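S.K.: Let me give you the structure first, and then I'll get to my questions.
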Amino acid sequence: MEEPTEVLRYAAFTTTPAGGNPAGVVLDAARLEDARMQAIAADLGYAESVFVTEAGVGGDSRRNRVRYFSPIAEVPFCGHATIALAVALSGRDGTGTFIFDTAVGPVVIETAGQGAAVTARFTSVEPRVAEFPDGVLGTLLELLGVGRSELNPGYPPMVAFAGNWHPILVFSERETFDSFVFDPDPMRALMDSQNWSGTVTTLYEMGPDEFDSRNLFPVGTITEDPATGSAAAAFGGYLRLLSFVEPPSRVVVHQGSHVGRPSLLTVDIPPFGGIVVSGGAVRIS
C-alpha cells in the first residue's frame, strides 16, 4: 500500500489565511512520481503546489531541489509557492538562508521573524524583456475587450521574464482596469501558444511606486491569481530594464482584491542581478 503523503497548505503574501494565494507544500516528495505530484496539485486545485524532490542537495541541509505543478501541468517557477515553502521550512529548520534548485536555476530565499510572523524574500533569476510577436498584442487586447489607447502610454506593453514569461499591460484608467472581463478558454489557448507559463499581468498605477495588479491565470476553476511572485519579479525587471525606476528602489504591488483574497507583494529592485520579492505566509488549517 502506498504511504500517505503529507500535504501542507499555506497562503502566501498575506498575514491571514483568508488572504493571499494558497499553495500546497510537500516537504518530502523524493519518492513521488511525476503523475502523483500532478495528481496532488490537481486535487488541491490551487494555482500551484511545490514539492521538495531532493533535500540536502550537495550535503547542504538548507539546499533543496524543488518542482512546481499547477492543476494541469508542471511550471518552471512559482513565486508564491516559493514563499510558502520557505516559511514552512523555517518553521521546521529555523529561519535564515535557503537555496531552491528550480527548473530556471538556483533561487536564494531569506527568511526572518518567528512564529506566525515569519516573512520570506526570494531573489529571482536575471530578468529579461522582449517585444510582443507580431499580432499577439492585438489578439490579447481583443480578448480583454480593450483598445491600445486604454493602456498607459508611459508604460509600453512588453513581455517580461524573471522565472516565467509574463505579458505586462498597464492601464490608464482605474475603471477600465477594474471592469475588463475575458473568456478563460481562448485566453488559455493564447497563453499556451506563446509559452507564457506565468500570468498575463495587468496593472494600474495607484501612486508613486505603488501599483494594483490583476494577474490572469485560467487553469482549472481559477481565472485570476490572487498573488503572483514571479509576475512581481518580472515587473520589477521591466521597470529597471526600461529605466522607469532609479535603482536601488522599492515598489509595492497590491493584488487579489478582485478575487476576494487581498495580497501585498514588496518588490526591491537592485542596480543589477535578480529582483527581490518579499512577503509573509501563514498556515491554512
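By order in the C-alpha cells, chains are A, B, ...; within a chain, residues start at 1; ligands start at 1, following the order shown.
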What residues in range 108-180 of chain A get the DSSP label alpha helix (DSSP H)? Please answer as a list in words.
M.R.: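 Here are the alpha helix (DSSP H) residues of range 108-180 of chain A: Val136, Leu137, Gly138, Thr139, Leu140, Leu141, Glu142, Leu143, Leu144, Arg174, Glu175, Thr176, Phe177, Asp178 and Ser179 of chain A.
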S.K.: Could you write out that same residue set with C-alpha atoms as a CSV table (one decimal), in the first residue's frame?
M.R.:
```csv
chain,number,residue,atom,x,y,z
A,136,VAL,CA,0.0,38.9,-30.5
A,137,LEU,CA,-0.6,42.1,-28.6
A,138,GLY,CA,-3.7,42.9,-30.7
A,139,THR,CA,-5.1,39.4,-30.0
A,140,LEU,CA,-4.5,39.8,-26.3
A,141,LEU,CA,-6.2,43.2,-26.2
A,142,GLU,CA,-9.1,41.9,-28.2
A,143,LEU,CA,-9.6,39.0,-25.7
A,144,LEU,CA,-9.7,41.7,-22.9
A,174,ARG,CA,-8.9,52.6,-12.9
A,175,GLU,CA,-12.4,51.9,-14.2
A,176,THR,CA,-11.0,50.0,-17.3
A,177,PHE,CA,-8.6,48.1,-15.1
A,178,ASP,CA,-11.3,47.1,-12.6
A,179,SER,CA,-14.0,46.2,-15.2
```
S.K.: Enumerate the residues of range 235-281 of chain A with a DSSP assignment of strand (DSSP E), computed from the backbone, and present them as a ChimeraX atom specification.
M.R.: /A:249-255,263-269,276-281
S.K.: Report as a Markdown table: every residue of range 124-144 of chain A with an atom at most 10 Å from range 270-280 of chain A, its closest pair of atoms, and their distance in Å to one decimal, counting only C-alpha atoms, with rows sorted by chain and ascending residue number.
M.R.:
```
| residue | atom | partner | partner_atom | distance |
| --- | --- | --- | --- | --- |
| A:Ser124 | CA | A:Gly274 | CA | 4.7 |
| A:Val125 | CA | A:Gly274 | CA | 5.0 |
| A:Glu126 | CA | A:Gly274 | CA | 4.7 |
| A:Pro127 | CA | A:Gly274 | CA | 6.4 |
```
S.K.: If you count only C-alpha atoms, which residues fall within 10 Å of Arg31 in chain A, apart from same-chain ones fewer than 4 positions away, as a PyMOL selection string?
M.R.: chain A and resi 5+36+53-54
S.K.: Identify which of the residues A:Gln194, A:Arg148, A:Leu239, A:Thr97 lies closest to Thr123 in chain A, counting only C-alpha atoms when measuring atom-to-atom distances.
M.R.: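 Looking only at the distances to Thr123 in chain A, the closest residue turns out to be A:Thr97.
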S.K.: Please list as a VMD selection string every residue within 9 Å of range 84-96 of chain A, counting only C-alpha atoms and excluding residues in the same chain fewer than 3 positions away.
M.R.: chain A and resid 8 to 13 22 to 27 50 to 52 62 79 to 81 109 to 115 118 to 121 280 to 283
S.K.: Keeping C-alpha atoms, export the residues of the selection given above as a tab-separated table (two decimals), in the first residue's frame.
M.R.:
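Dumped to selection-v6.tsv:
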```
chain	number	residue	atom	x	y	z
A	8	LEU	CA	0.60	21.27	3.91
A	9	ARG	CA	-1.44	24.28	2.87
A	10	TYR	CA	-0.15	27.84	3.12
A	11	ALA	CA	-1.42	31.25	1.98
A	12	ALA	CA	1.40	33.46	0.69
A	13	PHE	CA	1.77	37.25	0.55
A	22	PRO	CA	-2.93	29.40	-1.39
A	23	ALA	CA	-0.26	26.82	-2.24
A	24	GLY	CA	0.17	23.15	-1.50
A	25	VAL	CA	3.53	22.30	0.10
A	26	VAL	CA	5.03	18.80	0.18
A	27	LEU	CA	8.25	18.74	2.18
A	50	VAL	CA	5.50	22.92	-4.58
A	51	PHE	CA	7.33	19.67	-3.97
A	52	VAL	CA	10.75	19.10	-2.38
A	62	ARG	CA	19.43	24.16	3.61
A	79	GLY	CA	6.87	32.83	-6.56
A	80	HIS	CA	4.04	32.42	-4.06
A	81	ALA	CA	4.74	28.70	-3.60
A	109	ILE	CA	15.48	32.77	-0.20
A	110	GLU	CA	15.96	34.64	3.07
A	111	THR	CA	13.52	34.22	5.95
A	112	ALA	CA	13.21	36.16	9.19
A	113	GLY	CA	10.86	36.55	12.13
A	114	GLN	CA	9.28	33.96	14.35
A	115	GLY	CA	6.06	32.05	14.87
A	118	VAL	CA	7.85	34.76	9.51
A	119	THR	CA	8.44	36.56	6.23
A	120	ALA	CA	10.42	35.40	3.21
A	121	ARG	CA	12.18	37.10	0.32
A	280	GLY	CA	4.58	36.71	4.54
A	281	ALA	CA	2.87	33.32	4.54
A	282	VAL	CA	0.54	31.63	7.02
A	283	ARG	CA	-0.61	28.07	7.51
```
S.K.: Which residue out of A:Pro157, A:Ala233, A:Val170, A:Pro76 has the minimum interatomic distance to Asn195 in chain A when only C-alpha atoms are used?
M.R.: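 Checking each of A:Pro157, A:Ala233, A:Val170, A:Pro76 against Asn195 in chain A, counting only C-alpha atoms, the winner is A:Pro76.
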S.K.: Would you give me, as CSV, each residue of range 130-194 of chain A having an atom within 12 Å of an atom of range 225-229 of chain A, along with its shortest atom pair and that distance in Å to one decimal, using only C-alpha atoms and sorting by chain and residue number?
M.R.:
```
residue,atom,partner,partner_atom,distance
A:Phe161,CA,A:Gly229,CA,11.8
A:Ala162,CA,A:Gly229,CA,9.7
A:Gly163,CA,A:Gly229,CA,9.8
A:Asn164,CA,A:Gly229,CA,10.2
A:His166,CA,A:Thr228,CA,10.5
```
